[in-house]
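> This is query15.cif, which holds mmCIF, C-alpha atoms and all ligand atoms:
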```cif
data_work
#
loop_
_atom_site.label_atom_id
_atom_site.label_comp_id
_atom_site.auth_asym_id
_atom_site.auth_seq_id
_atom_site.Cartn_x
_atom_site.Cartn_y
_atom_site.Cartn_z
CA MET D 929 -21.15 -25.81 -5.25
CA THR D 930 -17.59 -27.16 -5.03
CA VAL D 931 -15.71 -26.92 -1.77
CA GLU D 932 -11.96 -26.47 -2.13
CA LEU D 933 -9.83 -27.70 0.73
CA HIS D 934 -6.37 -26.10 0.97
CA ARG D 935 -4.03 -27.97 3.29
CA ALA D 936 -0.57 -26.86 4.44
CA PRO D 937 1.93 -27.89 7.16
CA VAL D 938 1.60 -24.38 8.61
CA VAL D 939 -1.49 -22.18 8.51
CA LEU D 940 -1.13 -18.60 9.78
CA PRO D 941 -4.68 -17.24 10.03
CA VAL D 942 -3.66 -13.79 11.45
CA GLY D 943 -5.78 -12.73 14.41
CA ALA D 944 -6.04 -16.37 15.54
CA PRO D 945 -3.36 -18.83 16.68
CA PRO D 946 -1.20 -20.55 14.05
CA ILE D 947 -2.19 -24.12 13.13
CA ALA D 948 0.20 -26.98 12.43
CA ASP D 949 -1.09 -29.24 9.63
CA GLY D 950 -4.00 -26.91 9.03
CA ALA D 951 -6.52 -26.39 6.28
CA VAL D 952 -8.82 -23.77 4.87
CA ALA D 953 -12.13 -24.68 3.25
CA VAL D 954 -13.34 -22.34 0.51
CA ARG D 955 -16.61 -22.10 -1.38
CA ALA D 956 -17.79 -19.50 -3.89
CA GLY D 957 -14.83 -17.20 -3.26
CA ARG D 958 -15.32 -17.10 0.51
CA ILE D 959 -13.72 -18.95 3.40
CA LEU D 960 -16.02 -21.54 4.98
CA ALA D 961 -13.77 -22.82 7.76
CA VAL D 962 -10.21 -22.73 9.10
CA ALA D 963 -8.97 -25.54 11.38
CA GLY D 964 -6.66 -28.50 11.71
CA HIS D 965 -6.63 -30.58 8.54
CA ASP D 966 -8.08 -33.75 10.05
CA GLU D 967 -10.97 -31.87 11.61
CA LEU D 968 -11.90 -30.24 8.31
CA ALA D 969 -11.40 -33.47 6.36
CA ARG D 970 -13.96 -35.09 8.67
CA ALA D 971 -16.32 -32.13 8.48
CA PHE D 972 -16.36 -32.27 4.67
CA ALA D 973 -16.14 -36.08 4.33
CA ASP D 974 -19.64 -36.30 2.83
CA GLU D 975 -19.16 -33.37 0.47
CA THR D 976 -19.87 -34.73 -3.01
CA SER D 977 -17.85 -32.08 -4.78
CA LEU D 978 -14.57 -31.56 -2.94
CA THR D 979 -11.29 -30.44 -4.51
CA ARG D 980 -8.15 -30.90 -2.46
CA HIS D 981 -4.96 -28.83 -2.66
CA GLU D 982 -1.94 -30.02 -0.72
CA TRP D 983 0.54 -27.17 -0.35
CA ARG D 984 4.01 -27.25 1.10
CA GLY D 985 5.10 -24.41 3.40
CA ALA D 986 2.92 -21.78 5.02
CA LEU D 987 -0.62 -20.81 4.04
CA LEU D 988 -1.65 -17.32 5.07
CA PRO D 989 -3.90 -14.46 4.00
CA GLY D 990 -2.91 -12.89 0.67
CA LEU D 991 -0.53 -9.99 1.25
CA VAL D 992 -1.82 -6.43 0.90
CA ASN D 993 0.51 -3.97 -0.82
CA ALA D 994 -0.79 -0.78 0.77
CA HIS D 995 1.16 1.64 -1.42
CA THR D 996 2.21 1.14 -4.99
CA HIS D 997 2.13 2.55 -8.50
CA LEU D 998 2.09 -0.56 -10.70
CA GLN D 999 1.77 1.89 -13.59
CA TYR D 1000 5.50 2.67 -13.17
CA THR D 1001 6.68 -0.93 -13.45
CA ASP D 1002 8.47 -0.04 -16.71
CA MET D 1003 10.44 2.69 -14.86
CA ALA D 1004 12.62 0.25 -12.92
CA ALA D 1005 15.77 1.98 -14.23
CA VAL D 1006 15.08 4.83 -11.79
CA GLY D 1007 14.48 2.47 -8.85
CA GLN D 1008 17.64 0.47 -9.59
CA ALA D 1009 19.84 3.57 -9.26
CA ALA D 1010 20.91 5.15 -5.98
CA HIS D 1011 19.79 8.71 -5.28
CA SER D 1012 21.15 11.25 -2.85
CA GLY D 1013 17.79 12.73 -1.95
CA PHE D 1014 14.31 13.61 -3.12
CA GLU D 1015 15.44 16.22 -5.65
CA THR D 1016 17.81 13.99 -7.63
CA TRP D 1017 15.32 11.13 -7.53
CA MET D 1018 12.48 13.38 -8.72
CA GLN D 1019 14.58 14.66 -11.63
CA ALA D 1020 15.42 11.13 -12.74
CA PHE D 1021 11.77 10.16 -12.35
CA MET D 1022 10.42 13.10 -14.36
CA GLU D 1023 12.89 12.57 -17.22
CA LEU D 1024 11.74 8.99 -17.69
CA TYR D 1025 8.05 9.65 -16.93
CA GLU D 1026 7.78 12.17 -19.73
CA GLY D 1027 9.00 9.69 -22.36
CA GLU D 1028 6.89 7.16 -24.26
CA HIS D 1029 5.04 4.54 -22.22
CA ASP D 1030 2.43 1.88 -22.67
CA TRP D 1031 0.97 2.39 -19.21
CA LEU D 1032 -1.48 -0.49 -19.50
CA ASP D 1033 1.34 -2.91 -20.34
CA SER D 1034 3.49 -1.53 -17.58
CA ALA D 1035 0.73 -1.79 -14.97
CA ALA D 1036 -0.23 -5.26 -16.19
CA ALA D 1037 3.38 -6.39 -15.69
CA GLY D 1038 3.23 -4.95 -12.17
CA ALA D 1039 -0.04 -6.73 -11.44
CA LEU D 1040 1.53 -10.03 -12.50
CA LEU D 1041 4.61 -9.40 -10.34
CA SER D 1042 2.26 -8.66 -7.44
CA LEU D 1043 0.42 -11.97 -7.81
CA ARG D 1044 3.76 -13.73 -8.16
CA GLY D 1045 4.82 -12.20 -4.84
CA GLY D 1046 1.73 -13.40 -2.97
CA VAL D 1047 -0.12 -10.09 -3.09
CA SER D 1048 -3.89 -10.34 -3.44
CA ALA D 1049 -4.85 -6.68 -2.86
CA VAL D 1050 -3.20 -3.39 -3.72
CA ALA D 1051 -3.51 0.33 -3.06
CA GLU D 1052 -2.69 1.33 -6.63
CA ILE D 1053 -2.23 4.99 -7.54
CA VAL D 1054 -2.58 5.88 -11.22
CA THR D 1055 -2.30 8.95 -13.42
CA ASP D 1056 -3.59 7.09 -16.46
CA PRO D 1057 -6.99 5.40 -16.79
CA ASP D 1058 -5.57 2.51 -18.85
CA ALA D 1059 -3.13 1.75 -16.04
CA GLY D 1060 -6.13 1.63 -13.71
CA SER D 1061 -7.69 -1.18 -15.70
CA ALA D 1062 -4.71 -3.51 -15.08
CA VAL D 1063 -5.70 -4.20 -11.47
CA HIS D 1064 -9.25 -4.87 -12.61
CA ARG D 1065 -8.12 -7.24 -15.38
CA ALA D 1066 -5.71 -9.12 -13.11
CA GLY D 1067 -8.56 -9.77 -10.69
CA LEU D 1068 -6.66 -8.21 -7.78
CA HIS D 1069 -8.61 -6.78 -4.88
CA GLY D 1070 -7.96 -3.36 -3.44
CA VAL D 1071 -8.47 0.24 -4.41
CA VAL D 1072 -7.33 2.10 -7.52
CA TYR D 1073 -6.73 5.72 -6.60
CA TRP D 1074 -6.83 8.49 -9.17
CA GLU D 1075 -3.88 10.77 -8.49
CA VAL D 1076 -4.60 14.49 -8.39
CA LEU D 1077 -1.71 16.95 -8.53
CA GLY D 1078 -0.49 20.28 -9.80
CA TRP D 1079 -3.60 22.36 -9.04
CA THR D 1080 -3.41 25.83 -7.52
CA ASP D 1081 -6.58 27.18 -5.92
CA ALA D 1082 -7.02 29.66 -8.78
CA ALA D 1083 -6.57 27.05 -11.53
CA TRP D 1084 -8.94 24.69 -9.72
CA ALA D 1085 -11.67 27.33 -9.62
CA ALA D 1086 -11.08 28.56 -13.19
CA GLY D 1087 -10.70 25.10 -14.73
CA ASP D 1088 -13.62 23.47 -12.92
CA GLY D 1089 -11.18 21.10 -11.17
CA ARG D 1090 -13.89 19.38 -9.19
CA ALA D 1091 -15.90 18.32 -12.25
CA ARG D 1092 -12.75 17.16 -14.01
CA VAL D 1093 -11.63 15.03 -11.11
CA VAL D 1094 -15.09 13.47 -10.81
CA GLU D 1095 -14.98 12.65 -14.52
CA GLN D 1096 -11.47 11.14 -14.26
CA LEU D 1097 -12.51 9.06 -11.27
CA ARG D 1098 -15.55 7.73 -13.11
CA ALA D 1099 -13.39 6.71 -16.08
CA LEU D 1100 -11.61 4.10 -13.92
CA PRO D 1101 -12.93 0.56 -14.32
CA SER D 1102 -14.50 -1.06 -11.30
CA PRO D 1103 -14.19 -3.44 -9.49
CA PRO D 1104 -12.01 -2.88 -7.58
CA GLU D 1105 -13.04 0.15 -5.59
CA THR D 1106 -11.84 3.51 -6.81
CA GLY D 1107 -10.53 6.34 -4.65
CA LEU D 1108 -8.79 9.70 -4.75
CA SER D 1109 -5.11 10.27 -4.20
CA PRO D 1110 -4.32 13.90 -3.56
CA HIS D 1111 -0.63 13.42 -4.44
CA ALA D 1112 1.03 15.43 -1.69
CA ILE D 1113 0.70 18.72 0.12
CA TYR D 1114 3.45 20.37 -1.93
CA SER D 1115 1.79 19.56 -5.24
CA LEU D 1116 -1.71 20.80 -4.38
CA ASP D 1117 -2.84 24.12 -3.03
CA THR D 1118 -4.44 24.46 0.39
CA GLY D 1119 -8.00 25.01 -0.84
CA VAL D 1120 -7.74 22.13 -3.30
CA LEU D 1121 -6.69 19.69 -0.57
CA ARG D 1122 -9.68 20.80 1.50
CA GLU D 1123 -12.02 20.41 -1.49
CA LEU D 1124 -10.70 16.95 -2.30
CA ALA D 1125 -11.33 15.82 1.27
CA ASP D 1126 -14.91 17.10 0.99
CA LEU D 1127 -15.34 15.54 -2.44
CA ALA D 1128 -14.08 12.13 -1.26
CA ALA D 1129 -16.51 12.22 1.68
CA GLU D 1130 -19.35 13.29 -0.59
CA LEU D 1131 -18.65 10.52 -3.12
CA GLY D 1132 -17.99 7.98 -0.36
CA VAL D 1133 -14.53 7.11 -1.74
CA ARG D 1134 -11.27 6.66 0.11
CA GLN D 1135 -8.22 8.90 0.00
CA HIS D 1136 -4.55 7.95 -0.09
CA ILE D 1137 -1.90 10.69 0.31
CA HIS D 1138 1.91 10.76 0.23
CA ALA D 1139 2.77 12.51 3.50
CA ALA D 1140 5.75 13.21 5.76
CA GLU D 1141 8.05 11.61 3.19
CA SER D 1142 10.91 14.12 3.04
CA ALA D 1143 12.56 16.76 5.20
CA TRP D 1144 11.96 19.14 2.28
CA GLU D 1145 8.25 18.68 2.56
CA ASP D 1146 8.43 19.37 6.28
CA ALA D 1147 10.20 22.71 5.78
CA TYR D 1148 7.84 23.57 2.93
CA VAL D 1149 4.76 23.10 5.10
CA ARG D 1150 6.07 24.66 8.29
CA THR D 1151 7.73 27.76 6.87
CA GLY D 1152 7.35 27.76 3.07
CA THR D 1153 11.13 27.51 2.78
CA GLY D 1154 13.80 25.03 1.79
CA ASP D 1155 14.90 23.42 -1.46
CA LEU D 1156 11.47 22.23 -2.49
CA ALA D 1157 9.92 25.65 -1.91
CA ASP D 1158 12.76 27.32 -3.84
CA ARG D 1159 12.39 24.88 -6.69
CA TRP D 1160 8.65 25.59 -6.98
CA ARG D 1161 9.25 29.33 -6.96
CA ARG D 1162 11.86 28.95 -9.69
CA ASN D 1163 9.47 26.83 -11.76
CA GLY D 1164 6.67 29.40 -11.63
CA ARG D 1165 4.67 27.55 -9.02
CA GLY D 1166 5.03 30.23 -6.35
CA ASP D 1167 1.25 30.76 -6.27
CA PHE D 1168 0.63 28.01 -3.73
CA ALA D 1169 -0.78 29.54 -0.52
CA LEU D 1170 1.91 27.95 1.66
CA LEU D 1171 4.62 29.64 -0.41
CA GLN D 1172 2.89 33.00 -0.33
CA HIS D 1173 2.22 33.00 3.40
CA GLY D 1174 5.43 31.59 4.85
CA GLY D 1175 4.05 28.09 5.42
CA SER D 1176 1.39 26.93 7.86
CA GLY D 1177 3.50 26.94 11.03
CA ARG D 1178 2.45 23.33 11.50
CA SER D 1179 3.68 19.83 10.83
CA VAL D 1180 2.57 17.96 7.74
CA ILE D 1181 0.16 15.82 9.77
CA SER D 1182 -1.29 18.70 11.73
CA TYR D 1183 -1.74 20.71 8.52
CA LEU D 1184 -3.59 17.82 6.83
CA ASP D 1185 -5.73 17.45 9.94
CA ASP D 1186 -6.65 21.12 9.81
CA LEU D 1187 -7.81 20.67 6.22
CA GLY D 1188 -10.13 17.82 7.21
CA ALA D 1189 -8.08 15.33 5.20
CA LEU D 1190 -7.54 12.86 8.05
CA SER D 1191 -10.34 10.38 8.68
CA PRO D 1192 -10.60 6.58 8.87
CA ALA D 1193 -11.34 6.70 5.11
CA THR D 1194 -7.83 8.04 4.43
CA HIS D 1195 -4.49 6.31 4.65
CA LEU D 1196 -1.06 7.83 4.18
CA ALA D 1197 2.09 6.61 2.50
CA HIS D 1198 5.54 6.91 4.14
CA GLY D 1199 4.96 8.82 7.42
CA ILE D 1200 8.68 9.26 8.09
CA TYR D 1201 8.94 12.80 9.44
CA VAL D 1202 6.42 12.54 12.28
CA ASP D 1203 6.75 13.19 16.01
CA ALA D 1204 4.79 11.76 18.94
CA GLU D 1205 2.09 14.42 18.59
CA ASP D 1206 1.68 13.63 14.87
CA ARG D 1207 1.36 9.92 15.65
CA ARG D 1208 -1.26 10.72 18.30
CA ILE D 1209 -3.29 12.68 15.74
CA LEU D 1210 -3.08 9.75 13.31
CA ARG D 1211 -4.28 7.31 15.99
CA ASP D 1212 -7.10 9.63 17.05
CA ARG D 1213 -8.29 10.00 13.47
CA GLY D 1214 -7.95 6.28 12.71
CA VAL D 1215 -5.48 6.95 9.90
CA ALA D 1216 -3.17 4.09 8.92
CA VAL D 1217 0.29 4.65 7.45
CA ALA D 1218 1.74 2.42 4.73
CA LEU D 1219 5.46 2.14 5.46
CA CYS D 1220 7.73 1.69 2.43
CA PRO D 1221 11.26 1.47 3.88
CA ARG D 1222 13.08 0.22 0.79
CA SER D 1223 11.69 3.04 -1.35
CA ASN D 1224 12.79 5.52 1.31
CA ALA D 1225 16.30 4.08 1.20
CA VAL D 1226 16.54 4.18 -2.62
CA ILE D 1227 15.54 7.84 -2.62
CA GLY D 1228 18.06 8.60 0.12
CA LEU D 1229 15.53 9.46 2.85
CA ASP D 1230 15.53 8.52 6.52
CA PRO D 1231 13.88 5.27 7.61
CA PRO D 1232 10.33 5.39 9.03
CA PRO D 1233 9.99 5.28 12.86
CA VAL D 1234 8.47 1.79 12.83
CA ALA D 1235 9.40 1.03 16.46
CA ALA D 1236 7.53 4.13 17.67
CA TYR D 1237 4.49 3.30 15.55
CA LEU D 1238 4.45 -0.22 17.00
CA ARG D 1239 5.02 0.84 20.61
CA GLU D 1240 2.38 3.56 20.48
CA GLY D 1241 -0.18 1.36 18.73
CA ASN D 1242 -0.62 3.22 15.43
CA PRO D 1243 -2.35 1.32 12.65
CA ILE D 1244 0.34 0.47 10.11
CA ALA D 1245 0.49 -1.29 6.76
CA VAL D 1246 3.31 -2.10 4.34
CA GLY D 1247 3.87 -0.88 0.79
CA THR D 1248 6.57 -1.44 -1.78
CA ASP D 1249 5.96 1.84 -3.61
CA SER D 1250 6.70 1.47 -7.34
CA LEU D 1251 9.66 0.01 -9.19
CA SER D 1252 10.64 3.62 -9.91
CA SER D 1253 11.81 3.85 -6.30
CA SER D 1254 12.12 0.26 -5.13
CA PRO D 1255 14.27 -2.70 -6.16
CA SER D 1256 11.27 -5.07 -6.32
CA LEU D 1257 7.54 -5.42 -5.71
CA SER D 1258 8.14 -8.08 -3.05
CA LEU D 1259 6.24 -7.02 0.05
CA TRP D 1260 8.17 -9.51 2.19
CA GLU D 1261 11.39 -7.67 1.42
CA ASP D 1262 9.90 -4.50 2.91
CA VAL D 1263 8.64 -6.52 5.88
CA ALA D 1264 12.18 -7.88 6.42
CA GLU D 1265 13.54 -4.33 6.26
CA LEU D 1266 10.93 -3.16 8.81
CA HIS D 1267 11.96 -6.04 11.07
CA ARG D 1268 15.59 -4.98 10.87
CA LEU D 1269 14.69 -1.31 11.46
CA ALA D 1270 12.39 -2.05 14.40
CA ARG D 1271 15.13 -3.98 16.16
CA ALA D 1272 17.72 -1.29 15.37
CA GLN D 1273 15.31 1.33 16.74
CA GLY D 1274 15.07 -0.59 20.02
CA TYR D 1275 11.82 -2.54 19.62
CA GLY D 1276 12.60 -5.68 21.63
CA GLU D 1277 9.16 -7.24 22.14
CA PRO D 1278 8.71 -10.90 21.18
CA ASP D 1279 5.58 -10.10 19.16
CA LEU D 1280 7.49 -8.40 16.33
CA HIS D 1281 7.07 -11.21 13.78
CA ALA D 1282 3.35 -11.45 14.40
CA ARG D 1283 2.85 -7.70 14.32
CA LEU D 1284 4.65 -7.31 11.02
CA LEU D 1285 2.65 -10.16 9.50
CA THR D 1286 -0.46 -8.34 10.73
CA ALA D 1287 0.73 -5.09 9.11
CA ALA D 1288 1.34 -6.86 5.78
CA THR D 1289 -2.10 -8.50 5.75
CA VAL D 1290 -5.01 -7.22 7.82
CA GLY D 1291 -3.23 -3.92 8.51
CA GLY D 1292 -3.20 -3.28 4.79
CA ALA D 1293 -6.74 -4.52 4.32
CA ARG D 1294 -8.02 -2.09 6.96
CA ALA D 1295 -5.98 0.76 5.47
CA LEU D 1296 -7.83 0.12 2.20
CA GLY D 1297 -11.23 -0.24 3.86
CA LEU D 1298 -11.46 -3.96 3.04
CA ASP D 1299 -13.33 -5.21 6.10
CA ASP D 1300 -13.54 -8.81 4.95
CA ALA D 1301 -9.94 -9.46 3.91
CA GLY D 1302 -6.50 -9.86 5.44
CA VAL D 1303 -7.37 -12.72 7.78
CA LEU D 1304 -8.28 -16.36 7.33
CA ALA D 1305 -11.68 -16.57 9.01
CA PRO D 1306 -15.09 -17.93 8.05
CA GLY D 1307 -16.99 -15.52 5.82
CA THR D 1308 -13.98 -13.52 4.65
CA ARG D 1309 -12.75 -13.36 1.07
CA ALA D 1310 -10.77 -16.40 0.04
CA ASP D 1311 -7.58 -14.43 -0.62
CA LEU D 1312 -4.70 -16.74 0.25
CA ALA D 1313 -0.98 -16.98 -0.31
CA VAL D 1314 1.33 -19.93 0.09
CA PHE D 1315 5.06 -19.57 0.69
CA GLN D 1316 7.69 -22.27 0.93
CA THR D 1317 9.34 -22.44 4.33
CA ALA D 1318 12.19 -24.62 5.53
CA SER D 1319 10.47 -25.19 8.86
CA THR D 1320 7.07 -26.78 9.49
CA ASP D 1321 6.95 -25.38 13.01
CA PRO D 1322 4.51 -22.44 12.94
CA ALA D 1323 6.60 -20.02 15.04
CA ALA D 1324 9.80 -20.83 13.15
CA ALA D 1325 8.04 -20.59 9.78
CA LEU D 1326 6.63 -17.18 10.73
CA ALA D 1327 10.07 -15.93 11.81
CA GLU D 1328 11.53 -17.21 8.55
CA LEU D 1329 8.92 -15.42 6.45
CA VAL D 1330 9.29 -12.12 8.28
CA GLU D 1331 13.06 -12.06 8.43
CA THR D 1332 13.97 -13.56 5.06
CA GLY D 1333 10.62 -13.70 3.30
CA PRO D 1334 10.57 -15.43 -0.05
CA THR D 1335 10.04 -13.10 -2.99
CA VAL D 1336 8.02 -15.60 -5.00
CA ALA D 1337 4.88 -17.24 -3.65
CA ALA D 1338 4.20 -20.92 -4.25
CA ALA D 1339 0.61 -19.89 -4.97
CA THR D 1340 -1.64 -16.85 -4.80
CA ILE D 1341 -5.39 -17.32 -4.61
CA VAL D 1342 -7.77 -14.40 -5.01
CA ALA D 1343 -11.48 -14.83 -4.31
CA GLY D 1344 -10.92 -18.60 -4.31
CA ARG D 1345 -9.24 -18.68 -7.74
CA ILE D 1346 -5.62 -19.68 -8.17
CA ARG D 1347 -4.18 -16.64 -9.93
CA TRP D 1348 -0.53 -17.61 -9.61
CA GLN D 1349 1.19 -20.93 -9.06
CA ASP D 1350 4.95 -21.41 -9.07
CA ALA D 1351 5.78 -24.29 -11.38
CA ASP D 1352 8.85 -25.09 -9.25
CA ALA D 1353 6.98 -25.20 -5.94
ZN ZN D 1401 4.24 6.66 -4.00
#
```
Mind converting the file's structure to structure tokens?
Ligand SMILES: [Zn+2]


Amino acid sequence: MTVELHRAPVVLPVGAPPIADGAVAVRAGRILAVAGHDELARAFADETSLTRHEWRGALLPGLVNAHTHLQYTDMAAVGQAAHSGFETWMQAFMELYEGEHDWLDSAAAGALLSLRGGVSAVAEIVTDPDAGSAVHRAGLHGVVYWEVLGWTDAAWAAGDGRARVVEQLRALPSPPETGLSPHAIYSLDTGVLRELADLAAELGVRQHIHAAESAWEDAYVRTGTGDLADRWRRNGRGDFALLQHGGSGRSVISYLDDLGALSPATHLAHGIYVDAEDRRILRDRGVAVALCPRSNAVIGLDPPPVAAYLREGNPIAVGTDSLSSSPSLSLWEDVAELHRLARAQGYGEPDLHARLLTAATVGGARALGLDDAGVLAPGTRADLAVFQTASTDPAAALAELVETGPTVAAATIVAGRIRWQDADA
């Protein structure tokens, strides 16, 4: 079987030291070896079937977009506008969402943009089964999560919610893995969230939940009050237990923990409105948070406490969210924003570049339960990305990527196959 040798001036394996003039040997979709180029060239000198790729720039693990909705790629008009808060954004979103869409086309466009940006795996949330097939067709790795929302406990029991969700989940094409996304705690009743956690465990699928995203949500959960609670009551959704009983008296994270929703098989999106105790719970439960700072800014929310997450050692990943709340699907642009925020929040350690690269690669892979991705190491999936860098010094190239990361990859390789190559690179 053919061995492919990918050589680059800088190789950033993640979890192992950077290599100047390095190479990665790949066979049958898996990484065989990672080392200096000359060493690997010698090791494979007698290989009868060897294909060489000489890349310029930095070669690293494919990026993992740990929170997105590629389905909403055709809703960029909402993401390009500025919003003053969750309510105005949600109104703009709902107006466009309810119009005509070809969700498969939209998600397929998002999958292509992802590959173009060096992403090889995604946490994709869908409300439409056709949209779910786009990730499968594009050959991306990751998890497609079926989004569940709008159920009260009574409707769930009367409408056989459990059987319906199981049916919807099974309608998604696989690979990749499929999972459940209970949308958020304000769009699902208390009993339903508990049931979904049980169901996910029973089916052995992962969960991905929007959590601690807005101050509204926080008030809603703690006391059943605030603008979001009022809006639900006005819209005839006052049946939710939290609204009937004056909230849970707890934080979003502590409430989810009480419902059994937090386990290493779950990861959250956003995690903005969390305190030290919430972050401790997340660490104890092994729950990663996908930070999406540019989406937060577009919606008019506060930035995530990335410095605290880093200092306290929480598992973190990076997500772009969808084009309906973000200017682009470039993961590096969110990494650059996290770098800026971490410094502004007082994180002064010299490991910031490396830690953010980790979050964007293996951090995301772990959040999605992909044990054999996110690093360049023998035996792992051959998911690689190449980015042009001005510098060929590994530390300088890493700093360049993290602080001003290129939005278009020179190449993106998934399971050993070149899925994107920039004609200009
Ligand atoms: Zn989202």

> Between CA of Ala936 in chain D and CA of Trp983 in chain D, what is the spacing in Å?

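Taking CA of Trp983 in chain D as the start and CA of Ala936 in chain D as the end point, the length is 4.9 Å.
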
> What gap, in Å, lies between CA of Gln1135 in chain D and CA of Ala1193 in chain D?

6.4 Å

> For ligand ZN 1401 (chain D), return the neighbouring residues as a CSV table (one decimal) with C-alpha atoms, keeping the file's coordinate frame (distance at most 8 Å; all atoms listed in the file).


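Output saved as out34.csv:
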```csv
chain,number,residue,atom,x,y,z
D,995,HIS,CA,1.2,1.6,-1.4
D,996,THR,CA,2.2,1.1,-5.0
D,997,HIS,CA,2.1,2.6,-8.5
D,1053,ILE,CA,-2.2,5.0,-7.5
D,1138,HIS,CA,1.9,10.8,0.2
D,1197,ALA,CA,2.1,6.6,2.5
D,1249,ASP,CA,6.0,1.8,-3.6
D,1250,SER,CA,6.7,1.5,-7.3
```

> So which one's closest to Glu1328 in chain D, D:Ala1264, D:Ala1062, D:Val1234, D:Leu1121? Using all atoms listed in the file, please.

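Closest to Glu1328 in chain D of all the choices is D:Ala1264.
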
> Report, in Å to a single decimal, how far apart CA of Gln1096 in chain D and CA of Trp1031 in chain D are.

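One can read the CA of Trp1031 in chain D to CA of Gln1096 in chain D distance as 16.0 Å.
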
> Compare D:Pro1103, D:Gly1291, D:Gly1078, D:Gly1067 by their minimum atom-to-atom distance to Gly943 in chain D, counting all atoms listed in the file, and give me the closest one.

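For Gly943 in chain D, the nearest of the candidates is D:Gly1291.
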
> Compare D:Val954, D:Leu991, D:Leu1068, D:Val1180 by their minimum atom-to-atom distance to Arg1347 in chain D, counting all atoms listed in the file, and give me the closest one.

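That would be D:Leu1068, the residue with the smallest distance to Arg1347 in chain D.
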
> Anything within 10 Å of (9.6, 26.5, 3.3): list those residues as a PyMOL selection string, counting all atoms listed in the file and sticking to the file's coordinates.

chain D and resi 1144-1158+1170-1171+1173-1177

> Measuring between all atoms listed in the file, which one of D:Leu1269, D:Ala1318, D:Leu1284, D:Ala1010 shows the shortest distance to Ser1254 in chain D?

D:Ala1010

> Do you know which residues are at most 7 Å from Gly1038 in chain D counting all atoms listed in the file, after dropping those on the same chain fewer than 3 positions away, and could you put them as a VMD selection string?

chain D and resid 998 1001 1034 to 1035 1041 to 1042

> Give the answer as one residue: which of D:His965, D:Arg1211, D:Arg1090, D:His1136 has the shortest atom-to-atom distance to Ala1189 in chain D, using all atoms listed in the file?

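The closest residue to Ala1189 in chain D is D:His1136.
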
> Between D:Pro1334, D:Gly1302, D:Gly957, D:Pro1221, which has the minimum distance to Val931 in chain D (counting all atoms listed in the file)?

D:Gly957

> For Leu1298 in chain D, work out the shell of residues within 12 Å, counting all atoms listed in the file and skipping chain neighbours fewer than 5 positions away, then give it as a ChimeraX atom specification.

/D:992,994,1048-1051,1069-1071,1104-1105,1134,1193,1289-1293,1303,1308-1309,1311

> Deliver the residues from the most recent selection as a file, using C-alpha atoms, as a PDB file, in the frame of the given file.


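out13.pdb, freshly written:
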```
ATOM      1  CA  VAL D 992      -1.820  -6.430   0.900  1.00  0.00           C
ATOM      2  CA  ALA D 994      -0.790  -0.780   0.770  1.00  0.00           C
ATOM      3  CA  SER D1048      -3.890 -10.340  -3.440  1.00  0.00           C
ATOM      4  CA  ALA D1049      -4.850  -6.680  -2.860  1.00  0.00           C
ATOM      5  CA  VAL D1050      -3.200  -3.390  -3.720  1.00  0.00           C
ATOM      6  CA  ALA D1051      -3.510   0.330  -3.060  1.00  0.00           C
ATOM      7  CA  HIS D1069      -8.610  -6.780  -4.880  1.00  0.00           C
ATOM      8  CA  GLY D1070      -7.960  -3.360  -3.440  1.00  0.00           C
ATOM      9  CA  VAL D1071      -8.470   0.240  -4.410  1.00  0.00           C
ATOM     10  CA  PRO D1104     -12.010  -2.880  -7.580  1.00  0.00           C
ATOM     11  CA  GLU D1105     -13.040   0.150  -5.590  1.00  0.00           C
ATOM     12  CA  ARG D1134     -11.270   6.660   0.110  1.00  0.00           C
ATOM     13  CA  ALA D1193     -11.340   6.700   5.110  1.00  0.00           C
ATOM     14  CA  THR D1289      -2.100  -8.500   5.750  1.00  0.00           C
ATOM     15  CA  VAL D1290      -5.010  -7.220   7.820  1.00  0.00           C
ATOM     16  CA  GLY D1291      -3.230  -3.920   8.510  1.00  0.00           C
ATOM     17  CA  GLY D1292      -3.200  -3.280   4.790  1.00  0.00           C
ATOM     18  CA  ALA D1293      -6.740  -4.520   4.320  1.00  0.00           C
ATOM     19  CA  VAL D1303      -7.370 -12.720   7.780  1.00  0.00           C
ATOM     20  CA  THR D1308     -13.980 -13.520   4.650  1.00  0.00           C
ATOM     21  CA  ARG D1309     -12.750 -13.360   1.070  1.00  0.00           C
ATOM     22  CA  ASP D1311      -7.580 -14.430  -0.620  1.00  0.00           C
TER      23      ASP D1311
END
```

> For Met1022 in chain D, please output as a PyMOL selection string all residues within 12 Å (counting all atoms listed in the file; exclusion window: fewer than 4 positions along the same chain).

chain D and resi 1000+1003+1006+1014-1018+1026-1027+1252

> Do you know which residues are at most 9 Å from Val962 in chain D counting only C-alpha atoms, after dropping those on the same chain fewer than 6 positions away, and could you put them as JSON, numbers by chain?

{"D": [939, 941, 950, 951, 952, 953, 968, 1304, 1305, 1306]}
